[in-house]
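Trainee: Pasting a structure here, questions to come.
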Amino acid sequence: MSLLNLRHLHVFNVVAATGGVRRSSDTLLRASSAVARSVAALEHSLDAQLFERKGRGMLLTAAGEAVKLRVDRIEAELREVRDDALRLRDRNGGQVGSLDALFNERRLQATALLAETHHMPSVARLMEVSPSAVSQAISMLEGILGQPLFFRTAHGMLPTDAGRRWTERFERALAELRHIPEDIAALAGIVQGTVTVGALPLARSQLLPAALARVLEKHPRLQIRSLESPYEELAAGLMSGRIDFIVGALRAFSGDTFDMRSLFADSAALIARTGHPLAQRKKLSAADLEGYPWVLSRAGTPLRESIEQFFRDSGLDVPRAAVETGDLALLRGLLVSSDMLTVISAHQLHHEISTGQLTALPFAMRGMERTIGIMQRKGAHLSPGARALQLEIEAAAASWE
């Protein structure tokens, strides 16, 4: 779906602030007829009436209020970019254009895509334009801000320090832009659009599949994108607005940046195949584990560090991993077909445990508890689809408590 016109939205916001087309024409330095055409074009794009035309002025409808909330957030992001550019100008010289000049969705989109792909021809293909058009869009934006956004390297076009900061804000502005039609549809009781969720390992096996099935049954026009990258990559996507929220094990150090909501407490367990020699015991000691090979998560991951800390705190030798993997399918296959041991949440191997292929061994692992929950960027205004999915995640989690 094509993006809404940012210039039309800027005109809409000035009309909303001044209360009429004539009053806004002076602020915008545009003829009243041009302002009216811009508002009409936006209403046509959204198939919604944004203003009630009254004798005392133009009043926002419910749809207009929904649009204004998003446009205010877009303008705040772009204003921060321009203010940052002005601070750099004061130190380094150069010219900075007006805020109005930033209201061009195609330039912001080209910048965001280039920061992601580092390759101008790839951006051109994605935007279905020529490479020269992409280059021109980037150059114009650099001219407006008075600073280079990218520099050329052997690894492609990489953002400058300023480019990295500003691109994150451009991406958040574009996310707000994409949510506007979804907000309008929700006023008519239709939940639609695309929701992008960052899925950490502890959410993938049971929690998220159950919630996705429920939300799509209720709202079949939704589309869900699940991203399974490492936490650091998901957190970066959350900050830029590319990801709506993350679900999985909460990180204590994320509280300054993200709003976190706990769903349930989970504890790791010692897991092996049901026919494992240790599976017949009623209670196990550390000595009983000696001699068996281990398959563990990769070194440096939160789970691996917790496992190693548990054994150190218990005065035990840290198990040596015969296999290190972050792939759940490989982990399952190794456990089912050998006498290997692992430590992992039983939720992640729910299917294999419920069908009798794997079992949790009677070995107490105190201190291996983790809180599972939802993380979203502080101050984020979620789309109706993202809110609907969160409600289903919360309902699924509540059924396990």
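Letters A, B, ... go to the chains of the structure tokens in the order shown; residues in each chain start at 1; ligands are counted from 1 in the same order.
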Quick one: residues within 7 Å of stretch 235-238 of chain A, only C-alpha atoms, excluding same-chain residues fewer than 5 positions away - as an MDAnalysis selection string?

Mentor: chainID A and resid 243:245 376:377

Trainee: Next, dump the selected residues to file, keeping only N, CA and C atoms, as a PDB file, in the first residue's frame.

Mentor:
```pdb
ATOM      1  N   ILE A 243       9.426  -2.511  14.464  1.00  0.00           N
ATOM      2  CA  ILE A 243       8.783  -3.569  15.242  1.00  0.00           C
ATOM      3  C   ILE A 243       7.807  -2.921  16.212  1.00  0.00           C
ATOM      4  N   ASP A 244       6.601  -3.480  16.319  1.00  0.00           N
ATOM      5  CA  ASP A 244       5.590  -2.899  17.199  1.00  0.00           C
ATOM      6  C   ASP A 244       5.854  -3.223  18.666  1.00  0.00           C
ATOM      7  N   PHE A 245       6.200  -4.479  18.938  1.00  0.00           N
ATOM      8  CA  PHE A 245       6.544  -4.857  20.315  1.00  0.00           C
ATOM      9  C   PHE A 245       7.300  -6.177  20.275  1.00  0.00           C
ATOM     10  N   GLN A 376       7.622  -2.735  24.780  1.00  0.00           N
ATOM     11  CA  GLN A 376       7.371  -1.786  23.704  1.00  0.00           C
ATOM     12  C   GLN A 376       8.078  -0.476  24.017  1.00  0.00           C
ATOM     13  N   ARG A 377       8.307   0.316  22.990  1.00  0.00           N
ATOM     14  CA  ARG A 377       9.041   1.565  23.169  1.00  0.00           C
ATOM     15  C   ARG A 377       8.223   2.522  24.032  1.00  0.00           C
TER      16      ARG A 377
END
```

Trainee: Among stretch 1-248 of chain A, which residues does DSSP mark as strand (DSSP E) when it is run on the backbone? Keep the chain and numbering as in the structure and answer as a PDB file with C-alpha atoms, in the first residue's frame.

Mentor:
```pdb
ATOM      1  CA  PHE A  51     -13.674  17.956   9.357  1.00  0.00           C
ATOM      2  CA  GLU A  52     -17.181  19.123  10.037  1.00  0.00           C
ATOM      3  CA  ARG A  53     -17.657  22.399   8.152  1.00  0.00           C
ATOM      4  CA  LYS A  54     -19.432  24.740  10.585  1.00  0.00           C
ATOM      5  CA  GLY A  57     -14.957  27.044  11.556  1.00  0.00           C
ATOM      6  CA  MET A  58     -13.822  23.530  10.756  1.00  0.00           C
ATOM      7  CA  LEU A  59     -14.098  21.029  13.607  1.00  0.00           C
ATOM      8  CA  LEU A  60     -12.362  17.671  13.667  1.00  0.00           C
ATOM      9  CA  PHE A 150      25.703   8.560   4.371  1.00  0.00           C
ATOM     10  CA  PHE A 151      29.288   7.864   3.396  1.00  0.00           C
ATOM     11  CA  ARG A 152      30.502   5.381   0.830  1.00  0.00           C
ATOM     12  CA  THR A 153      32.549   2.362   2.021  1.00  0.00           C
ATOM     13  CA  GLY A 156      28.166  -0.026   0.841  1.00  0.00           C
ATOM     14  CA  MET A 157      26.521   3.218   1.892  1.00  0.00           C
ATOM     15  CA  LEU A 158      26.685   3.521   5.678  1.00  0.00           C
ATOM     16  CA  PRO A 159      24.926   6.216   7.723  1.00  0.00           C
ATOM     17  CA  GLY A 193      -2.984  -3.703   8.606  1.00  0.00           C
ATOM     18  CA  THR A 194       0.348  -5.316   9.400  1.00  0.00           C
ATOM     19  CA  VAL A 195       1.636  -6.025  12.894  1.00  0.00           C
ATOM     20  CA  THR A 196       5.350  -6.768  13.304  1.00  0.00           C
ATOM     21  CA  VAL A 197       6.243  -8.605  16.502  1.00  0.00           C
ATOM     22  CA  GLY A 198       9.716  -9.483  17.743  1.00  0.00           C
ATOM     23  CA  ALA A 199       9.559 -13.070  18.977  1.00  0.00           C
ATOM     24  CA  LEU A 222      -4.752  -8.566   9.888  1.00  0.00           C
ATOM     25  CA  GLN A 223      -1.337  -9.641   8.674  1.00  0.00           C
ATOM     26  CA  ILE A 224       1.315 -10.613  11.225  1.00  0.00           C
ATOM     27  CA  ARG A 225       5.076 -10.510  10.660  1.00  0.00           C
ATOM     28  CA  SER A 226       7.143 -12.376  13.240  1.00  0.00           C
ATOM     29  CA  LEU A 227      10.855 -11.581  13.485  1.00  0.00           C
ATOM     30  CA  PHE A 245       6.544  -4.857  20.315  1.00  0.00           C
ATOM     31  CA  ILE A 246       8.690  -7.751  21.545  1.00  0.00           C
ATOM     32  CA  VAL A 247       7.396 -10.768  23.465  1.00  0.00           C
ATOM     33  CA  GLY A 248       9.664 -13.080  25.447  1.00  0.00           C
TER      34      GLY A 248
END
```

Trainee: Which residues are close to A:Ser122, i.e. within 12 Å by only C-alpha atoms, leaving aside same-chain residues fewer than 5 positions away? Reply as an MDAnalysis selection string.

Mentor: chainID A and resid 110 113:117 127:131 134:135 156:157

Trainee: Leaving out A:Leu284 and any residue of its chain fewer than 3 positions from it, which residues lie within 12 Å of it when counting only C-alpha atoms, given as number ranges by chain?

Mentor: A: 270, 277-281, 287-290, 360-365

Trainee: Write the selection just made, keeping N, CA and C atoms, as a compact mmCIF listing (two decimals), in the first residue's frame?

Mentor:
```
# COMPACT_ATOMS: atom_id res chain seq x y z
N LEU A 270 15.86 -29.26 33.64
CA LEU A 270 16.77 -30.22 33.03
C LEU A 270 15.94 -31.18 32.17
N PRO A 277 18.45 -42.91 30.73
CA PRO A 277 18.73 -43.66 31.97
C PRO A 277 18.38 -42.89 33.24
N LEU A 278 18.46 -41.55 33.21
CA LEU A 278 18.17 -40.76 34.41
C LEU A 278 16.68 -40.51 34.60
N ALA A 279 15.87 -40.80 33.56
CA ALA A 279 14.45 -40.49 33.63
C ALA A 279 13.69 -41.38 34.60
N GLN A 280 14.29 -42.50 35.01
CA GLN A 280 13.62 -43.41 35.94
C GLN A 280 13.86 -43.03 37.40
N ARG A 281 14.77 -42.11 37.66
CA ARG A 281 15.09 -41.73 39.04
C ARG A 281 14.02 -40.78 39.59
N ALA A 287 26.11 -35.39 40.91
CA ALA A 287 26.98 -36.52 40.55
C ALA A 287 26.32 -37.42 39.52
N ASP A 288 24.99 -37.49 39.56
CA ASP A 288 24.28 -38.36 38.60
C ASP A 288 24.41 -37.86 37.16
N LEU A 289 24.73 -36.57 37.00
CA LEU A 289 24.79 -35.98 35.66
C LEU A 289 26.12 -36.21 34.97
N GLU A 290 27.10 -36.65 35.75
CA GLU A 290 28.44 -36.80 35.21
C GLU A 290 28.48 -37.87 34.12
N ALA A 360 10.99 -33.67 31.71
CA ALA A 360 11.77 -32.85 32.65
C ALA A 360 12.27 -33.76 33.77
N LEU A 361 13.57 -33.76 33.99
CA LEU A 361 14.17 -34.63 35.00
C LEU A 361 14.06 -34.00 36.40
N PRO A 362 13.99 -34.84 37.44
CA PRO A 362 13.82 -34.33 38.81
C PRO A 362 15.13 -33.77 39.39
N PHE A 363 15.53 -32.63 38.87
CA PHE A 363 16.76 -31.97 39.32
C PHE A 363 16.42 -30.51 39.57
N ALA A 364 16.44 -30.11 40.85
CA ALA A 364 16.04 -28.75 41.21
C ALA A 364 17.05 -27.73 40.67
N MET A 365 16.52 -26.68 40.02
CA MET A 365 17.39 -25.63 39.47
C MET A 365 16.90 -24.28 39.98
```

Trainee: Nearest to A:Ser240 among A:Ser297, A:Ala185, A:Ala112, A:Ser285, with distances taken over only C-alpha atoms: which residue is it?

Mentor: A:Ala112

Trainee: Where in stretch 279-313 of chain A does DSSP assign helix (DSSP H, G or I), given as number ranges by chain?

Mentor: A: 279-280, 286-289, 302-313

Trainee: Which of these, A:Ala346, A:Ala173, A:Leu187, A:Leu4, has the shortest distance to A:Ala269 once you count only C-alpha atoms?

Mentor: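 Selected residue with least distance to A:Ala269: A:Ala346.
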
Trainee: Enter the distance from atom CA of A:Ala175 to atom CA of A:Ile374, in Å, rounded to one decimal.

Mentor: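 Separation of atom CA of A:Ala175 and atom CA of A:Ile374: 19.3 Å.
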
Trainee: Report, in Å with one decimal, the straight-line distance from atom CA of A:Ala188 to atom CA of A:Ser383.

Mentor: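 Atom CA of A:Ser383 lies at a distance of 14.4 Å from atom CA of A:Ala188.
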
Trainee: When you count only C-alpha atoms, which of these residues is closest to A:Ala211: A:Thr18, A:Asn5, A:Gln109, A:Ser399?

Mentor: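 Comparing A:Thr18, A:Asn5, A:Gln109, A:Ser399 against A:Ala211, the winner is A:Ser399.
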
Trainee: Could you jot down the atom CA of A:Leu78 to atom CA of A:Gly97 separation for me, Å, one decimal place?

Mentor: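 Between these atoms lies a distance of 12.1 Å.
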
Trainee: Which one of A:Val21, A:Ile184, A:Ile138, A:Ile307 sits closest to A:Gln49 if you count only C-alpha atoms?

Mentor: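 Of A:Val21, A:Ile184, A:Ile138, A:Ile307, the one nearest A:Gln49 is A:Ile184, counting only C-alpha atoms.
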
Trainee: Nearest to A:Phe264 among A:Ala249, A:Leu358, A:Leu382, A:Leu9, with distances taken over only C-alpha atoms: which residue is it?

Mentor: A:Ala249

Trainee: Point out the residue among A:Ser354, A:Gln136, A:Thr342, A:Thr359 with the least atom-to-atom distance to A:Thr274, counting only C-alpha atoms.

Mentor: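 Smallest distance to A:Thr274 is found for A:Thr359.
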
Trainee: Residues near A:Arg273, anyone? I mean within 9 Å using only C-alpha atoms, not counting same-chain ones fewer than 3 positions away, as a PyMOL selection string.

Mentor: chain A and resi 276+279+335-341+353+356-360
